[in-house]
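Asks: This is the structure I want to talk about, given as structure tokens.
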Amino acid sequence: MITKIYKIFCAGVIGCGIAATLTSCEDFFNQESDDVLYAENEHLNNAVDTIYSVTGILAKLQTLADRTILFGELRGDLVDLTNIANKDLREIAEFNVSDDNQYNQPSDYYAVINNCNYFIEHADTALRSNRNENIFMKEYCAVKAIRAWTYLQLGLVYGKVPFFTEPLLSKDAAEEAEKTTKTLEEICDFFIQDLKDLPVRYNSVFPGYSDIRTVQSKLMFFPLSIVRGDLYLWKASLTGNKADYLQAAREYYDFINQRNGENSAYPTTRSEWIMWEPGSTEWTEPSGSLYPSDESVASDAEMITLIPGDSIPAEGHYSELRNLFTSREENQYYVSIKPSARLFEISESQPNCVLSNDGTSVFYAPKGLGEYMSGDLRLQDYYYKNYETDDITGQRMEYQYIYKYSSSSRNVHIYRRTMVYLRLAEALNMAGYPHMAFEILSEGLSNEVIDEKVRPFYPTVNDSITLNYFDFNDTRYEVCDQYDFIRDRQMAIDTHNMMGIHARGCGWTPMDTTYTFPLRDSIEFDDSKRAEIIAKQQVVIDSLILTESALEFALEGTRYYDIMRYALRQSNPGATMMKIIGARKGKTNYTNFNLANKTDWFIKWKNKVGY
């Protein structure tokens, strides 16, 4: 069976009892004859048809992989283009995407969606085993999550899109589907309801197809709880609804809580950091490493979801990201995308807090270090630049290495653990709990931390009930202290497994006096005064989270959308977008982009998709 699944990913089509009968609808869907693949029988009610259908959907997702990263990164402020970047990339970066841009193909999204629609309508979820278990419920829930994720990507790219949930099997049906559209907010509303009642165990239980081309198949699926969290987070950012922010936080927590089963943990782990050795005096090479993320489903693995790619271009679903970002023989060592001046500014501006040898005091690494080692150390961990001089021509040849897109990286990463924790912090902050959000950034969460540093500032009964939901049991989550990171670890406790996200690259954050919580000791029992204090704190923490997303996820395809959500929370969203993205070439070298109106944040296609 696994050999057959392997062949599906090689060819990108479905065979063995699966037929295709979709008549293409020119322009809008532009679909080929194999765009909807389904069994000859009325229902998908046997393992062969069901598995082939799901893996066929996964194969079609491959066409969306590169553009998911490019649309999310090129429109932000952390990358710039080199002189060899092609017209299509330049159009995206300049917010002027033409209809014939190779990445502007809504039909590829709808090919995934239409196959999902067919599967959802025809999968026999009532079929049970002799142990009375739903045989195909894992596949059904997985496909529902894929459809929701794909529609969310459509909404994020285009803003307003044709919307349908029935399989389109004729030209007339496709033309009729053009008439119904949904905005990003309406997409969120629909899929929040669509996913709401799916059994909770399928938040993290996926179809078990073993390995496909050395990639563990569980990594190819989208956890329901993360997708739901994203839907709630986007809806809340669009409407400002505090209850939706809180529900987003609950969804992200549910994934963390369920990732490794009941009575287990999914901590940030103390091994995931890069920092200067305690007591450092020679600033030459920090210790530790973060990138690239290991593609594993181990209990402490960073990776959650990826879209697999082929190893060579001839195989059809080959990701070009490594050729766009990293100097390789395949691209003659010329890259198209490079870190922007703004990314260097953000990284270097961070104070880096260095422990003393005994862990009792701290000092700060100097500025002006070479090799991008000033400030946050994550940049130098994934970015390296060098040059050589041609012996014959004397021409200077520059090389760039982005280890997030190393030469061996053929898969496109979508979700990882640190992303879930940072989105949990964002949702908690805007739900009214900035203290708890800050602890995720600073030192990590445990019930002890929540009891001592969060609860005192939220004294109402409702707050207590809300905080009770987030159970970081002290027997499973133990926050690290400075002794876990000094050379002499005799005082270290091996079970410590939680640390703050900011400490992944900026040194020992809990003792960093420059990285502090605003109005920290303001315990206020008057409701209106407490709300005023919280509002001021939220503004500061929201900005810290946006900066942290730049430090942690640069070049990974999330930046533009992180900026969008942040801007939606400001009094003048358009001005905020223009200010942040306009600083791409540096704070003193602004570029003017026409983003005053929200409709300008999205792209269009032939006046049929988009505003």
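Identifiers in this document derive from the order of the structure tokens: chains are assigned A, B, ..., residues are numbered from 1 separately in each chain, and ligands are numbered from 1 in order of occurrence.
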Just the residues within 12 Å of A:Thr183, please, counting only C-alpha atoms, with nothing from its chain fewer than 2 positions along; format it as a ChimeraX atom specification.
Replies: /A:151-163,180-181,185-190,234-235,238,598-599,602,609-611
Asks: Using only C-alpha atoms, which protein or nucleic acid residues come within 6 Å of A:Tyr118? Drop anything in the same chain fewer than 3 positions from it, and give the result as a count of residues only.
Replies: 3
Asks: From the options A:Ala65, A:Met498, A:Val454, A:Ala427, which residue's atoms come nearest to A:Thr305, counting only C-alpha atoms?
Replies: A:Ala65
Asks: I need the residue nearest A:Phe438 from this list: A:Glu295, A:Asp481, A:Glu426, A:Glu388. Use only C-alpha atoms for the distance.
Replies: A:Glu426
Asks: What separation in Å, quoted to one decimal, exists between atom CA of A:Ser319 and atom CA of A:Ala550?
Replies: 23.2 Å
